[in-house]
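Asks: Below you'll find start_3.txt; it's compact mmCIF, C-alpha atoms.
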# COMPACT_ATOMS: atom_id res chain seq x y z
CA MET A 1 91.10 110.85 89.30
CA LEU A 2 87.72 109.68 90.55
CA ASN A 3 86.68 107.99 87.30
CA ASN A 4 85.91 104.67 88.99
CA HIS A 5 83.79 106.46 91.57
CA ALA A 6 81.99 108.28 88.76
CA LYS A 7 81.20 104.97 87.04
CA LEU A 8 79.53 103.73 90.21
CA VAL A 9 77.61 106.99 90.61
CA ARG A 10 76.49 106.61 86.97
CA PHE A 11 75.21 103.12 87.85
CA PHE A 12 73.22 104.51 90.79
CA SER A 13 71.85 107.30 88.60
CA GLN A 14 70.27 104.66 86.37
CA CYS A 15 68.48 102.76 89.14
CA GLU A 16 66.24 104.05 91.89
CA GLU A 17 67.94 102.08 94.63
CA VAL A 18 69.79 98.88 95.30
CA VAL A 19 68.59 96.77 98.20
CA GLY A 20 71.33 94.63 99.69
CA ARG A 21 75.10 94.63 99.67
CA LYS A 22 75.24 91.19 98.12
CA ARG A 23 72.88 92.30 95.34
CA LEU A 24 75.05 95.35 94.66
CA GLN A 25 78.19 93.20 94.43
CA LYS A 26 76.52 90.81 92.00
CA MET A 27 74.96 93.53 89.84
CA ILE A 28 78.26 95.36 89.31
CA TYR A 29 80.08 92.08 88.62
CA ILE A 30 77.47 90.97 86.08
CA LEU A 31 77.60 94.37 84.34
CA LYS A 32 81.40 94.17 84.28
CA LYS A 33 81.21 90.74 82.62
CA ALA A 34 78.71 92.21 80.13
CA GLY A 35 81.35 94.69 79.00
CA TYR A 36 80.65 97.75 81.12
CA PRO A 37 83.92 99.41 82.14
CA PHE A 38 83.89 98.72 85.87
CA GLU A 39 87.46 98.15 87.01
CA GLU A 40 87.00 96.66 90.47
CA ARG A 41 88.88 93.40 91.00
CA TYR A 42 86.86 90.43 92.16
CA GLU A 43 87.77 87.25 93.99
CA PHE A 44 85.63 84.24 94.68
CA HIS A 45 84.09 84.44 98.15
CA PHE A 46 81.29 82.82 100.19
CA TYR A 47 78.49 84.25 98.04
CA GLY A 48 80.32 84.16 94.72
CA PRO A 49 82.38 86.98 93.19
CA TYR A 50 83.20 89.70 95.73
CA SER A 51 85.18 92.93 95.41
CA GLU A 52 86.76 94.59 98.43
CA GLU A 53 87.49 97.56 96.12
CA LEU A 54 83.78 97.95 95.40
CA THR A 55 82.96 97.83 99.11
CA LEU A 56 85.53 100.56 99.82
CA ARG A 57 84.39 102.76 96.92
CA VAL A 58 80.77 102.56 98.01
CA GLU A 59 81.81 103.47 101.55
CA GLU A 60 83.78 106.45 100.20
CA LEU A 61 80.81 107.57 98.09
CA CYS A 62 78.61 107.42 101.18
CA ASN A 63 81.17 109.39 103.21
CA LEU A 64 81.39 112.01 100.46
CA GLY A 65 77.61 112.37 100.52
CA PHE A 66 77.14 111.07 96.97
CA LEU A 67 75.25 107.92 98.04
CA ASN A 68 72.71 107.44 100.76
CA GLU A 69 73.02 104.23 102.77
CA THR A 70 70.20 103.19 105.03
CA HIS A 71 69.84 99.98 106.92
CA GLU A 72 67.04 98.28 108.72
CA LYS A 73 67.27 95.42 111.14
CA LYS A 74 65.55 92.30 109.89
CA SER A 75 64.96 89.24 112.04
CA ASN A 76 68.58 88.05 112.00
CA TYR A 77 70.47 90.43 109.71
CA HIS A 78 70.72 94.05 108.54
CA GLN A 79 69.26 95.05 105.17
CA TYR A 80 71.17 97.87 103.43
CA ARG A 81 69.69 100.20 100.82
CA TYR A 82 71.67 102.48 98.54
CA SER A 83 70.44 105.43 96.51
CA LEU A 84 71.93 108.45 94.80
CA THR A 85 71.88 111.82 96.57
CA GLU A 86 71.67 115.30 95.07
CA GLY A 87 75.39 115.59 95.81
CA GLY A 88 75.95 112.48 93.72
CA GLU A 89 73.95 113.96 90.86
CA GLU A 90 76.05 117.14 91.06
CA PHE A 91 79.28 115.10 91.13
CA LEU A 92 78.17 113.28 87.98
CA THR A 93 77.85 116.56 86.05
CA HIS A 94 81.67 116.75 86.10
CA TYR A 95 81.81 113.45 84.18
CA GLU A 96 79.19 114.03 81.49
CA ASP A 97 81.75 113.46 78.73
CA MET A 98 82.79 110.07 80.14
CA PRO A 99 81.60 107.46 77.61
CA PHE A 100 79.35 104.92 79.25
CA LYS A 101 76.63 102.78 77.67
CA ASP A 102 73.15 102.93 79.15
CA MET A 103 72.61 100.18 81.75
CA THR A 104 68.96 100.76 82.63
CA GLU A 105 67.59 97.69 80.81
CA HIS A 106 70.17 95.37 82.42
CA ILE A 107 69.63 96.98 85.83
CA HIS A 108 65.87 96.54 85.48
CA ASN A 109 66.28 92.89 84.47
CA MET A 110 68.58 92.19 87.42
CA ASN A 111 66.25 93.95 89.85
CA GLU A 112 63.49 91.59 88.70
CA GLU A 113 65.56 88.64 89.93
CA SER A 114 66.30 87.34 93.42
CA SER A 115 69.69 87.69 95.09
CA ARG A 116 69.92 83.90 94.98
CA PHE A 117 69.56 83.99 91.19
CA LEU A 118 72.09 86.81 90.80
CA GLU A 119 74.50 84.82 92.95
CA LEU A 120 74.07 81.89 90.56
CA VAL A 121 74.53 84.03 87.43
CA SER A 122 77.60 85.81 88.80
CA THR A 123 79.14 82.50 89.87
CA MET A 124 78.56 81.05 86.42
CA LEU A 125 80.12 84.14 84.84
CA TYR A 126 83.09 83.80 87.19
CA PHE A 127 83.78 80.40 85.63
CA ASP A 128 83.09 81.54 82.06
CA GLN A 129 86.39 80.11 80.83
CA LEU A 130 84.92 76.62 81.31
CA SER A 131 82.51 74.82 79.01
CA ARG A 132 78.85 74.95 80.04
CA ASP A 133 78.94 71.41 81.41
CA GLU A 134 82.16 72.07 83.32
CA CYS A 135 80.75 75.35 84.62
CA GLU A 136 77.60 73.66 85.91
CA GLU A 137 79.70 70.97 87.57
CA LYS A 138 81.89 73.63 89.20
CA VAL A 139 78.86 75.64 90.38
CA ARG A 140 77.30 72.52 91.89
CA ALA A 141 80.60 71.85 93.71
CA VAL A 142 81.32 75.33 95.07
CA LYS A 143 77.64 76.15 95.75
CA LYS A 144 76.61 72.73 97.02
CA LYS A 145 74.51 74.14 99.88
CA MET A 146 72.45 76.23 97.45
CA ASN A 147 71.06 73.08 95.77
CA TYR A 148 70.55 74.79 92.40
CA THR A 149 68.17 72.83 90.19
CA ASP A 150 68.62 72.04 86.50
CA ASP A 151 65.80 74.50 85.81
CA GLU A 152 67.59 77.28 87.70
CA LEU A 153 70.79 76.60 85.78
CA GLN A 154 68.89 76.76 82.48
CA GLN A 155 67.23 80.03 83.51
CA ALA A 156 70.65 81.43 84.41
CA TRP A 157 72.09 80.40 81.01
CA SER A 158 69.15 82.11 79.29
CA PHE A 159 69.70 85.24 81.36
CA ILE A 160 73.43 85.23 80.50
CA ASP A 161 72.71 84.72 76.80
CA ARG A 162 70.30 87.70 76.79
CA LEU A 163 72.79 89.79 78.74
CA LEU A 164 75.73 89.13 76.45
CA ASN A 165 73.85 89.42 73.14
Any chance you could put this one into structure tokens?
Replies:
Amino acid sequence: MLNNHAKLVRFFSQCEEVVGRKRLQKMIYILKKAGYPFEERYEFHFYGPYSEELTLRVEELCNLGFLNETHEKKSNYHQYRYSLTEGGEEFLTHYEDMPFKDMTEHIHNMNEESSRFLELVSTMLYFDQLSRDECEEKVRAVKKKMNYTDDELQQAWSFIDRLLN
């Protein structure tokens, strides 16, 4: 019944913490596009792919005591941090037989990147039905204010190629 919640808890069990709601959205979306069985539906939003379902599930996991959410006030925004609690670890023991590939390498690679870069990668993956040239043109149109460079686009393609292979 709580399989989708368990998948998210499994994700958090494989990373120390996730800093930022936008980063969390992008990481789960990228993992979903890489074939991990996350079932949240995504729509295109201001910062690229966004899932209201993911937002609600994370809130439920926090309310259940399975995730810890802390926030600190930065100069003009709030920074959120998420980490697994002991209750979350206990919850996960009920789903040990749920098949789920290890994500730690992908999580580590994504944590090495900026939120800006993850936004670019997730946006490119959102338009993965297009050719590379069409995708780049679309990204430049919908993310005009981000002013992504040719070098950033190439780095994103390399990241995607490593992720999917």
Asks: Identify, on the basis of all atoms listed in the file, every residue whose closest approach to segment 11-15 of chain A does not exceed 8 Å; exclude the query and any residue fewer than 6 positions from it along the same chain; express the result as a list in words.
Replies: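 Residues near the query, excluding close chain neighbours: Ser83, Leu84, Glu89, Asp102, Met103, Thr104, Ile107 and His108 of chain A.
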Asks: For Ser51 of chain A, which residue out of A:Met27, A:Leu67, A:Ala34, A:Leu120 is the nearest one, using only C-alpha atoms?
Replies: A:Met27
Asks: Using all atoms listed in the file, which of A:Pro99, A:Leu54, A:Val18, A:Phe159 sits nearest His71 of chain A?
Replies: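 The answer is A:Val18, which sits nearest to His71 of chain A.
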Asks: Name the closest residue to Lys143 of chain A among the candidates A:Ser158, A:Ser122, A:Ser114, A:Asn109; distances are taken between atoms, counting all atoms listed in the file.
Replies: A:Ser122
Asks: Considering all atoms listed in the file, can you say which of A:Asn111, A:Pro37, A:Val58, A:Glu17 comes closest to Met98 of chain A?
Replies: A:Pro37
Asks: Nearest to Tyr148 of chain A: which of A:Gln25, A:His78, A:Leu125, A:Glu119 is it, counting all atoms listed in the file?
Replies: A:Glu119
Asks: Please determine, counting all atoms listed in the file, which residue among A:Thr55, A:Ser75, A:Thr123, A:Thr93 has the shortest atom-to-atom distance to Val139 of chain A.
Replies: A:Thr123
Asks: Find the residues with any atom within 12 Å of (79.3, 112.0, 98.1); use only C-alpha atoms and the coordinates as given in the file, and write the answer as a ChimeraX atom specification.
Replies: /A:2,5-6,8-9,57-69,83-92
Asks: Compute the distance from (77.5, 79.4, 97.1) to each atom, counting only C-alpha atoms, keep the residues with any atom at most 7 Å away, and return them as a VMD selection string; use the coordinates of the file.
Replies: chain A and resid 46 to 48 142 to 146
Asks: Contacts of Gln129 of chain A at 12 Å or less, counting all atoms listed in the file, minus same-chain residues fewer than 6 places along, as a list in words?
Replies: Lys33, Thr123, Cys135 and Lys138 of chain A
Asks: Neighbours of Ser115 of chain A within 9 Å (only C-alpha atoms; same-chain residues fewer than 5 positions away dropped), as an NGL selection string?
Replies: :A and (20 or 22-23 or 26 or 110 or 120)
Asks: Around all the atoms of segment 24-39 of chain A listed in the file, draw an axis-aligned box and extend it by 8 Å on each of the six sides; I want its centre and edge lengths in Å to one decimal, as AutoDock Vina command-line options.
Replies:
--center_x 81.2 --center_y 95.1 --center_z 86.8 --size_x 28.5 --size_y 24.7 --size_z 31.7
Asks: Measure the distance from atom CA of Asp151 of chain A to atom CA of Glu113 of chain A in Å and round it to one decimal.
Replies: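 Between atom CA of Asp151 of chain A and atom CA of Glu113 of chain A the gap works out to 14.7 Å.
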Asks: What does the distance between atom CA of Asp161 of chain A and atom CA of Gly35 of chain A come to in Å, to one decimal place?
Replies: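 Between atom CA of Asp161 of chain A and atom CA of Gly35 of chain A the gap works out to 13.4 Å.
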Asks: What gap, in Å, lies between atom CA of Tyr50 of chain A and atom CA of Arg132 of chain A?
Replies: 22.0 Å
